[in-house]
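Asker: Below you will find the structure I want to go over with you.
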Amino acid sequence: MAQVFVYGTLKKGQPNYFRMKNPDNGQADFLAHARTVEPYPLVIATKYSIPFLLNLPGTGQRVYGEIYHVDQKMLDFLDKFEGCPERYQRTKIQLEVQKRDGEGENTLKPGSIVEAFVYSKNTYEPEWLQIPTYESYDAYGDHGLTYVIPEDRSPE
């Protein structure tokens, strides 16, 4: 089992959250809300309005998201869904736990620092460094950008 930090469309209430709950993809158990220890640029880019966490620690904002405990099947699914390692790279990130969910073996203490996998971008368009950054992504937020789910995208 591994811990994964999601900051975009895979969070609860977002367009791809259903993929985290689909047992055919594997198991994903919500552990806690968290935010990155270091700031990172979280941008919304491309014609599909995709959220990208740029792997530039020390710039941008501390990003809020959710930590999930996932099995190997879900981790393999997420690698494929995120286009890892071509589109996104799966790396480790330090997180500060904000609030937890539930009790038991996997309980994370608020304020504690934990490490989890995250899907971020090592390569990106130079103009992405000039667009707004966000501390929290919401596909339905006031940024005015419409996210397009993968099934509705034109072949590239």
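Letters A, B, ... mark the chains of the structure tokens in the order given; residue numbers begin at 1 per chain; ligand numbers begin at 1, in order shown.
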DSSP says strand (DSSP E or B) for which residues of stretch 37-146 of chain A? Put them as a VMD selection string?
Answerer: chain A and resid 40 42 to 45 50 to 54 61 64 to 70 89 to 100 113 to 121
Asker: Which polymer residues have any atom within 7 Å of an atom of stretch 71-81 of chain A, counting only C-alpha atoms, with same-chain residues fewer than 3 positions away left out, as an mmCIF file with all heavy atoms, in the first residue's frame?
Answerer:
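Final file, out23.cif:
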data_model
loop_
_atom_site.group_PDB
_atom_site.id
_atom_site.type_symbol
_atom_site.label_atom_id
_atom_site.label_comp_id
_atom_site.auth_asym_id
_atom_site.auth_seq_id
_atom_site.Cartn_x
_atom_site.Cartn_y
_atom_site.Cartn_z
ATOM 1 N N MET A 1 0.848 -1.186 0.000
ATOM 2 C CA MET A 1 0.000 0.000 0.000
ATOM 3 C C MET A 1 0.885 1.239 0.000
ATOM 4 O O MET A 1 1.944 1.257 0.612
ATOM 5 C CB MET A 1 -0.918 0.022 1.223
ATOM 6 C CG MET A 1 -1.885 -1.160 1.303
ATOM 7 S SD MET A 1 -3.214 -1.104 0.106
ATOM 8 C CE MET A 1 -4.462 -0.214 0.988
ATOM 9 N N ALA A 2 0.427 2.271 -0.686
ATOM 10 C CA ALA A 2 1.174 3.523 -0.806
ATOM 11 C C ALA A 2 0.251 4.688 -0.496
ATOM 12 O O ALA A 2 -0.981 4.563 -0.550
ATOM 13 C CB ALA A 2 1.733 3.661 -2.217
ATOM 14 N N ASN A 25 -10.593 -0.254 -10.555
ATOM 15 C CA ASN A 25 -9.300 0.419 -10.657
ATOM 16 C C ASN A 25 -8.378 0.070 -9.494
ATOM 17 O O ASN A 25 -7.189 0.387 -9.534
ATOM 18 C CB ASN A 25 -9.488 1.941 -10.690
ATOM 19 C CG ASN A 25 -10.254 2.391 -11.921
ATOM 20 O OD1 ASN A 25 -10.264 1.701 -12.937
ATOM 21 N ND2 ASN A 25 -10.901 3.530 -11.822
ATOM 22 N N GLY A 26 -8.931 -0.510 -8.434
ATOM 23 C CA GLY A 26 -8.171 -0.813 -7.234
ATOM 24 C C GLY A 26 -8.821 -0.162 -6.026
ATOM 25 O O GLY A 26 -9.953 0.310 -6.094
ATOM 26 N N GLN A 27 -8.091 -0.119 -4.936
ATOM 27 C CA GLN A 27 -8.620 0.417 -3.682
ATOM 28 C C GLN A 27 -7.929 1.734 -3.345
ATOM 29 O O GLN A 27 -6.708 1.844 -3.401
ATOM 30 C CB GLN A 27 -8.392 -0.578 -2.550
ATOM 31 C CG GLN A 27 -8.972 -0.127 -1.226
ATOM 32 C CD GLN A 27 -8.782 -1.180 -0.139
ATOM 33 O OE1 GLN A 27 -8.441 -2.320 -0.415
ATOM 34 N NE2 GLN A 27 -8.986 -0.774 1.089
ATOM 35 N N ALA A 28 -8.742 2.736 -2.964
ATOM 36 C CA ALA A 28 -8.226 4.028 -2.516
ATOM 37 C C ALA A 28 -9.033 4.458 -1.298
ATOM 38 O O ALA A 28 -10.242 4.642 -1.395
ATOM 39 C CB ALA A 28 -8.338 5.072 -3.624
ATOM 40 N N CYS A 84 1.915 8.567 -16.706
ATOM 41 C CA CYS A 84 3.225 8.528 -16.051
ATOM 42 C C CYS A 84 4.090 7.462 -16.730
ATOM 43 O O CYS A 84 3.605 6.346 -16.940
ATOM 44 C CB CYS A 84 3.028 8.199 -14.570
ATOM 45 S SG CYS A 84 4.527 8.159 -13.600
#
Asker: Excluding A:Tyr64 and its own-chain neighbours fewer than 5 positions away, which residues fall within 6 Å of it when counting only C-alpha atoms? Please give them as a list in words.
Answerer: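 The filter keeps Ala34, Arg35, Glu135 and Ser136 of chain A.
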Asker: Pick the closest to A:Val37 from A:Gln94, A:Tyr68, A:Ser120, A:Asp152: which is it, counting only C-alpha atoms?
Answerer: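 Distance minimum relative to A:Val37 lands on A:Gln94.
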Asker: Could you find all residues in stretch 21-151 of chain A that DSSP calls helix (DSSP H, G or I) from the backbone, and write them as a ChimeraX atom specification?
Answerer: /A:21,23-25,72-81,126-130,150-151
Asker: Store the residues picked out above, limited to N, CA and C atoms, as a PDB file, in the first residue's frame.
Answerer:
ATOM      1  N   LYS A  21     -12.970   5.805  -6.653  1.00  0.00           N
ATOM      2  CA  LYS A  21     -13.921   4.951  -5.946  1.00  0.00           C
ATOM      3  C   LYS A  21     -14.313   3.704  -6.735  1.00  0.00           C
ATOM      4  N   PRO A  23     -13.950   0.188  -7.836  1.00  0.00           N
ATOM      5  CA  PRO A  23     -13.170  -0.967  -7.384  1.00  0.00           C
ATOM      6  C   PRO A  23     -12.430  -1.677  -8.523  1.00  0.00           C
ATOM      7  N   ASP A  24     -12.880  -1.494  -9.766  1.00  0.00           N
ATOM      8  CA  ASP A  24     -12.170  -2.095 -10.896  1.00  0.00           C
ATOM      9  C   ASP A  24     -10.781  -1.481 -11.065  1.00  0.00           C
ATOM     10  N   ASN A  25     -10.593  -0.254 -10.555  1.00  0.00           N
ATOM     11  CA  ASN A  25      -9.300   0.419 -10.657  1.00  0.00           C
ATOM     12  C   ASN A  25      -8.378   0.070  -9.494  1.00  0.00           C
ATOM     13  N   GLN A  72      -1.644  -1.517  -4.852  1.00  0.00           N
ATOM     14  CA  GLN A  72      -0.804  -1.520  -6.051  1.00  0.00           C
ATOM     15  C   GLN A  72      -1.642  -1.407  -7.320  1.00  0.00           C
ATOM     16  N   LYS A  73      -2.816  -2.031  -7.326  1.00  0.00           N
ATOM     17  CA  LYS A  73      -3.686  -1.967  -8.506  1.00  0.00           C
ATOM     18  C   LYS A  73      -4.099  -0.523  -8.773  1.00  0.00           C
ATOM     19  N   MET A  74      -4.474   0.229  -7.734  1.00  0.00           N
ATOM     20  CA  MET A  74      -4.859   1.631  -7.914  1.00  0.00           C
ATOM     21  C   MET A  74      -3.648   2.469  -8.321  1.00  0.00           C
ATOM     22  N   LEU A  75      -2.499   2.196  -7.741  1.00  0.00           N
ATOM     23  CA  LEU A  75      -1.298   2.938  -8.114  1.00  0.00           C
ATOM     24  C   LEU A  75      -0.976   2.710  -9.596  1.00  0.00           C
ATOM     25  N   ASP A  76      -1.103   1.483 -10.049  1.00  0.00           N
ATOM     26  CA  ASP A  76      -0.885   1.181 -11.468  1.00  0.00           C
ATOM     27  C   ASP A  76      -1.914   1.912 -12.337  1.00  0.00           C
ATOM     28  N   PHE A  77      -3.181   1.925 -11.893  1.00  0.00           N
ATOM     29  CA  PHE A  77      -4.219   2.649 -12.626  1.00  0.00           C
ATOM     30  C   PHE A  77      -3.882   4.137 -12.688  1.00  0.00           C
ATOM     31  N   LEU A  78      -3.510   4.729 -11.558  1.00  0.00           N
ATOM     32  CA  LEU A  78      -3.199   6.161 -11.532  1.00  0.00           C
ATOM     33  C   LEU A  78      -2.010   6.485 -12.432  1.00  0.00           C
ATOM     34  N   ASP A  79      -0.997   5.617 -12.439  1.00  0.00           N
ATOM     35  CA  ASP A  79       0.135   5.831 -13.349  1.00  0.00           C
ATOM     36  C   ASP A  79      -0.354   5.907 -14.793  1.00  0.00           C
ATOM     37  N   LYS A  80      -1.229   4.988 -15.169  1.00  0.00           N
ATOM     38  CA  LYS A  80      -1.750   4.978 -16.548  1.00  0.00           C
ATOM     39  C   LYS A  80      -2.642   6.190 -16.788  1.00  0.00           C
ATOM     40  N   PHE A  81      -3.551   6.477 -15.868  1.00  0.00           N
ATOM     41  CA  PHE A  81      -4.477   7.601 -16.020  1.00  0.00           C
ATOM     42  C   PHE A  81      -3.718   8.924 -16.141  1.00  0.00           C
ATOM     43  N   PRO A 126       7.002  27.114 -21.247  1.00  0.00           N
ATOM     44  CA  PRO A 126       7.554  28.261 -20.513  1.00  0.00           C
ATOM     45  C   PRO A 126       6.487  29.273 -20.080  1.00  0.00           C
ATOM     46  N   GLU A 127       5.445  29.454 -20.893  1.00  0.00           N
ATOM     47  CA  GLU A 127       4.405  30.444 -20.544  1.00  0.00           C
ATOM     48  C   GLU A 127       3.594  30.026 -19.313  1.00  0.00           C
ATOM     49  N   TRP A 128       3.653  28.744 -18.927  1.00  0.00           N
ATOM     50  CA  TRP A 128       2.931  28.300 -17.740  1.00  0.00           C
ATOM     51  C   TRP A 128       3.459  28.999 -16.488  1.00  0.00           C
ATOM     52  N   LEU A 129       4.700  29.463 -16.547  1.00  0.00           N
ATOM     53  CA  LEU A 129       5.268  30.165 -15.387  1.00  0.00           C
ATOM     54  C   LEU A 129       4.703  31.576 -15.244  1.00  0.00           C
ATOM     55  N   GLN A 130       3.970  32.032 -16.263  1.00  0.00           N
ATOM     56  CA  GLN A 130       3.413  33.388 -16.244  1.00  0.00           C
ATOM     57  C   GLN A 130       1.919  33.406 -15.920  1.00  0.00           C
ATOM     58  N   PRO A 150     -11.006  13.321 -19.915  1.00  0.00           N
ATOM     59  CA  PRO A 150     -10.241  12.658 -20.983  1.00  0.00           C
ATOM     60  C   PRO A 150     -11.114  12.063 -22.092  1.00  0.00           C
ATOM     61  N   GLU A 151     -12.254  11.502 -21.745  1.00  0.00           N
ATOM     62  CA  GLU A 151     -13.113  10.859 -22.755  1.00  0.00           C
ATOM     63  C   GLU A 151     -13.678  11.869 -23.766  1.00  0.00           C
TER      64      GLU A 151
END
Asker: Which residue is closest to A:Lys109? Choose from A:Ser154, A:Gly65, A:His33, A:Thr46 and count only C-alpha atoms.
Answerer: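 Of A:Ser154, A:Gly65, A:His33, A:Thr46, the one nearest A:Lys109 is A:His33, counting only C-alpha atoms.
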Asker: Name the residues in contact with A:Asn16 at a cut-off of 12 Å, using only C-alpha atoms, excluding same-chain residues fewer than 2 positions from it; report them as a ChimeraX atom specification.
Answerer: /A:6-14,18-22,50,78,81-82,138-139,147-151
Asker: Hey, can you spit out that residue selection with N, CA and C atoms as an mmCIF file, in the first residue's frame?
Answerer:
data_model
loop_
_atom_site.group_PDB
_atom_site.id
_atom_site.type_symbol
_atom_site.label_atom_id
_atom_site.label_comp_id
_atom_site.auth_asym_id
_atom_site.auth_seq_id
_atom_site.Cartn_x
_atom_site.Cartn_y
_atom_site.Cartn_z
ATOM 1 N N VAL A 6 -3.516 13.837 -3.937
ATOM 2 C CA VAL A 6 -4.218 14.346 -5.120
ATOM 3 C C VAL A 6 -4.629 15.786 -4.857
ATOM 4 N N TYR A 7 -4.451 16.641 -5.856
ATOM 5 C CA TYR A 7 -4.681 18.078 -5.709
ATOM 6 C C TYR A 7 -5.628 18.636 -6.759
ATOM 7 N N GLY A 8 -6.060 17.782 -7.700
ATOM 8 C CA GLY A 8 -6.845 18.277 -8.834
ATOM 9 C C GLY A 8 -8.161 17.564 -9.017
ATOM 10 N N THR A 9 -8.348 17.019 -10.209
ATOM 11 C CA THR A 9 -9.651 16.463 -10.586
ATOM 12 C C THR A 9 -9.969 15.134 -9.925
ATOM 13 N N LEU A 10 -9.009 14.543 -9.191
ATOM 14 C CA LEU A 10 -9.269 13.276 -8.497
ATOM 15 C C LEU A 10 -9.756 13.484 -7.066
ATOM 16 N N LYS A 11 -9.804 14.734 -6.582
ATOM 17 C CA LYS A 11 -10.290 15.007 -5.223
ATOM 18 C C LYS A 11 -11.801 14.781 -5.136
ATOM 19 N N LYS A 12 -12.282 14.640 -3.914
ATOM 20 C CA LYS A 12 -13.725 14.523 -3.678
ATOM 21 C C LYS A 12 -14.437 15.721 -4.288
ATOM 22 N N GLY A 13 -15.562 15.454 -4.973
ATOM 23 C CA GLY A 13 -16.359 16.514 -5.568
ATOM 24 C C GLY A 13 -15.860 17.017 -6.909
ATOM 25 N N GLN A 14 -14.792 16.413 -7.419
ATOM 26 C CA GLN A 14 -14.221 16.857 -8.689
ATOM 27 C C GLN A 14 -14.523 15.842 -9.800
ATOM 28 N N PHE A 18 -14.705 9.855 -9.296
ATOM 29 C CA PHE A 18 -15.340 8.532 -9.443
ATOM 30 C C PHE A 18 -14.315 7.450 -9.765
ATOM 31 N N ARG A 19 -13.218 7.836 -10.380
ATOM 32 C CA ARG A 19 -12.180 6.864 -10.721
ATOM 33 C C ARG A 19 -11.475 6.340 -9.465
ATOM 34 N N MET A 20 -11.407 7.169 -8.425
ATOM 35 C CA MET A 20 -10.793 6.748 -7.161
ATOM 36 C C MET A 20 -11.678 5.752 -6.423
ATOM 37 N N LYS A 21 -12.970 5.805 -6.653
ATOM 38 C CA LYS A 21 -13.921 4.951 -5.946
ATOM 39 C C LYS A 21 -14.313 3.704 -6.735
ATOM 40 N N ASN A 22 -13.851 3.593 -7.976
ATOM 41 C CA ASN A 22 -14.199 2.452 -8.817
ATOM 42 C C ASN A 22 -13.343 1.252 -8.408
ATOM 43 N N ILE A 50 -6.460 21.646 -17.710
ATOM 44 C CA ILE A 50 -5.981 20.595 -16.815
ATOM 45 C C ILE A 50 -5.154 21.212 -15.690
ATOM 46 N N LEU A 78 -3.510 4.729 -11.558
ATOM 47 C CA LEU A 78 -3.199 6.161 -11.532
ATOM 48 C C LEU A 78 -2.010 6.485 -12.432
ATOM 49 N N PHE A 81 -3.551 6.477 -15.868
ATOM 50 C CA PHE A 81 -4.477 7.601 -16.020
ATOM 51 C C PHE A 81 -3.718 8.924 -16.141
ATOM 52 N N GLU A 82 -2.657 9.082 -15.354
ATOM 53 C CA GLU A 82 -1.880 10.331 -15.345
ATOM 54 C C GLU A 82 -0.815 10.364 -16.447
ATOM 55 N N ASP A 138 -10.339 23.724 -7.964
ATOM 56 C CA ASP A 138 -11.752 23.358 -8.033
ATOM 57 C C ASP A 138 -12.174 23.508 -9.488
ATOM 58 N N ALA A 139 -12.558 22.411 -10.126
ATOM 59 C CA ALA A 139 -12.959 22.451 -11.532
ATOM 60 C C ALA A 139 -14.130 23.399 -11.751
ATOM 61 N N TYR A 147 -12.900 22.469 -17.348
ATOM 62 C CA TYR A 147 -12.130 21.238 -17.453
ATOM 63 C C TYR A 147 -12.827 20.284 -18.409
ATOM 64 N N VAL A 148 -12.042 19.628 -19.268
ATOM 65 C CA VAL A 148 -12.564 18.642 -20.214
ATOM 66 C C VAL A 148 -12.049 17.268 -19.791
ATOM 67 N N ILE A 149 -12.981 16.341 -19.475
ATOM 68 C CA ILE A 149 -12.580 14.997 -19.053
ATOM 69 C C ILE A 149 -11.887 14.280 -20.219
ATOM 70 N N PRO A 150 -11.006 13.321 -19.915
ATOM 71 C CA PRO A 150 -10.241 12.658 -20.983
ATOM 72 C C PRO A 150 -11.114 12.063 -22.092
ATOM 73 N N GLU A 151 -12.254 11.502 -21.745
ATOM 74 C CA GLU A 151 -13.113 10.859 -22.755
ATOM 75 C C GLU A 151 -13.678 11.869 -23.766
#
Asker: Which residues are near stretch 111-113 of chain A? Cut-off 9 Å, only C-alpha atoms, ignore same chain within fewer than 4 positions. Put them as a PDB file with N, CA, C and O atoms, in the first residue's frame.
Answerer:
ATOM      1  N   VAL A  37       4.240  21.071   2.145  1.00  0.00           N
ATOM      2  CA  VAL A  37       5.113  21.781   3.080  1.00  0.00           C
ATOM      3  C   VAL A  37       5.760  22.964   2.360  1.00  0.00           C
ATOM      4  O   VAL A  37       5.810  24.071   2.878  1.00  0.00           O
ATOM      5  N   GLN A  94       6.547  16.202   0.477  1.00  0.00           N
ATOM      6  CA  GLN A  94       6.305  16.373   1.908  1.00  0.00           C
ATOM      7  C   GLN A  94       4.997  17.144   2.097  1.00  0.00           C
ATOM      8  O   GLN A  94       4.778  18.181   1.452  1.00  0.00           O
ATOM      9  N   LEU A  95       4.166  16.648   3.011  1.00  0.00           N
ATOM     10  CA  LEU A  95       2.833  17.222   3.242  1.00  0.00           C
ATOM     11  C   LEU A  95       2.612  17.472   4.717  1.00  0.00           C
ATOM     12  O   LEU A  95       3.073  16.696   5.563  1.00  0.00           O
ATOM     13  N   GLU A  96       1.861  18.520   5.012  1.00  0.00           N
ATOM     14  CA  GLU A  96       1.413  18.801   6.376  1.00  0.00           C
ATOM     15  C   GLU A  96      -0.049  18.386   6.475  1.00  0.00           C
ATOM     16  O   GLU A  96      -0.896  18.916   5.743  1.00  0.00           O
ATOM     17  N   VAL A  97      -0.339  17.451   7.359  1.00  0.00           N
ATOM     18  CA  VAL A  97      -1.708  16.961   7.525  1.00  0.00           C
ATOM     19  C   VAL A  97      -2.567  18.085   8.112  1.00  0.00           C
ATOM     20  O   VAL A  97      -2.191  18.718   9.102  1.00  0.00           O
ATOM     21  N   GLN A  98      -3.720  18.337   7.497  1.00  0.00           N
ATOM     22  CA  GLN A  98      -4.625  19.385   7.947  1.00  0.00           C
ATOM     23  C   GLN A  98      -5.710  18.835   8.867  1.00  0.00           C
ATOM     24  O   GLN A  98      -5.900  19.303   9.953  1.00  0.00           O
ATOM     25  N   LYS A  99      -6.455  17.880   8.375  1.00  0.00           N
ATOM     26  CA  LYS A  99      -7.453  17.205   9.208  1.00  0.00           C
ATOM     27  C   LYS A  99      -7.598  15.793   8.697  1.00  0.00           C
ATOM     28  O   LYS A  99      -7.384  15.514   7.530  1.00  0.00           O
TER      29      LYS A  99
END
Asker: Have a look at A:Glu115, A:Asn55, A:Pro85, A:Ser49 and name the one nearest to A:Phe5; count only C-alpha atoms.
Answerer: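 Ranking A:Glu115, A:Asn55, A:Pro85, A:Ser49 by distance to A:Phe5, first place goes to A:Glu115.
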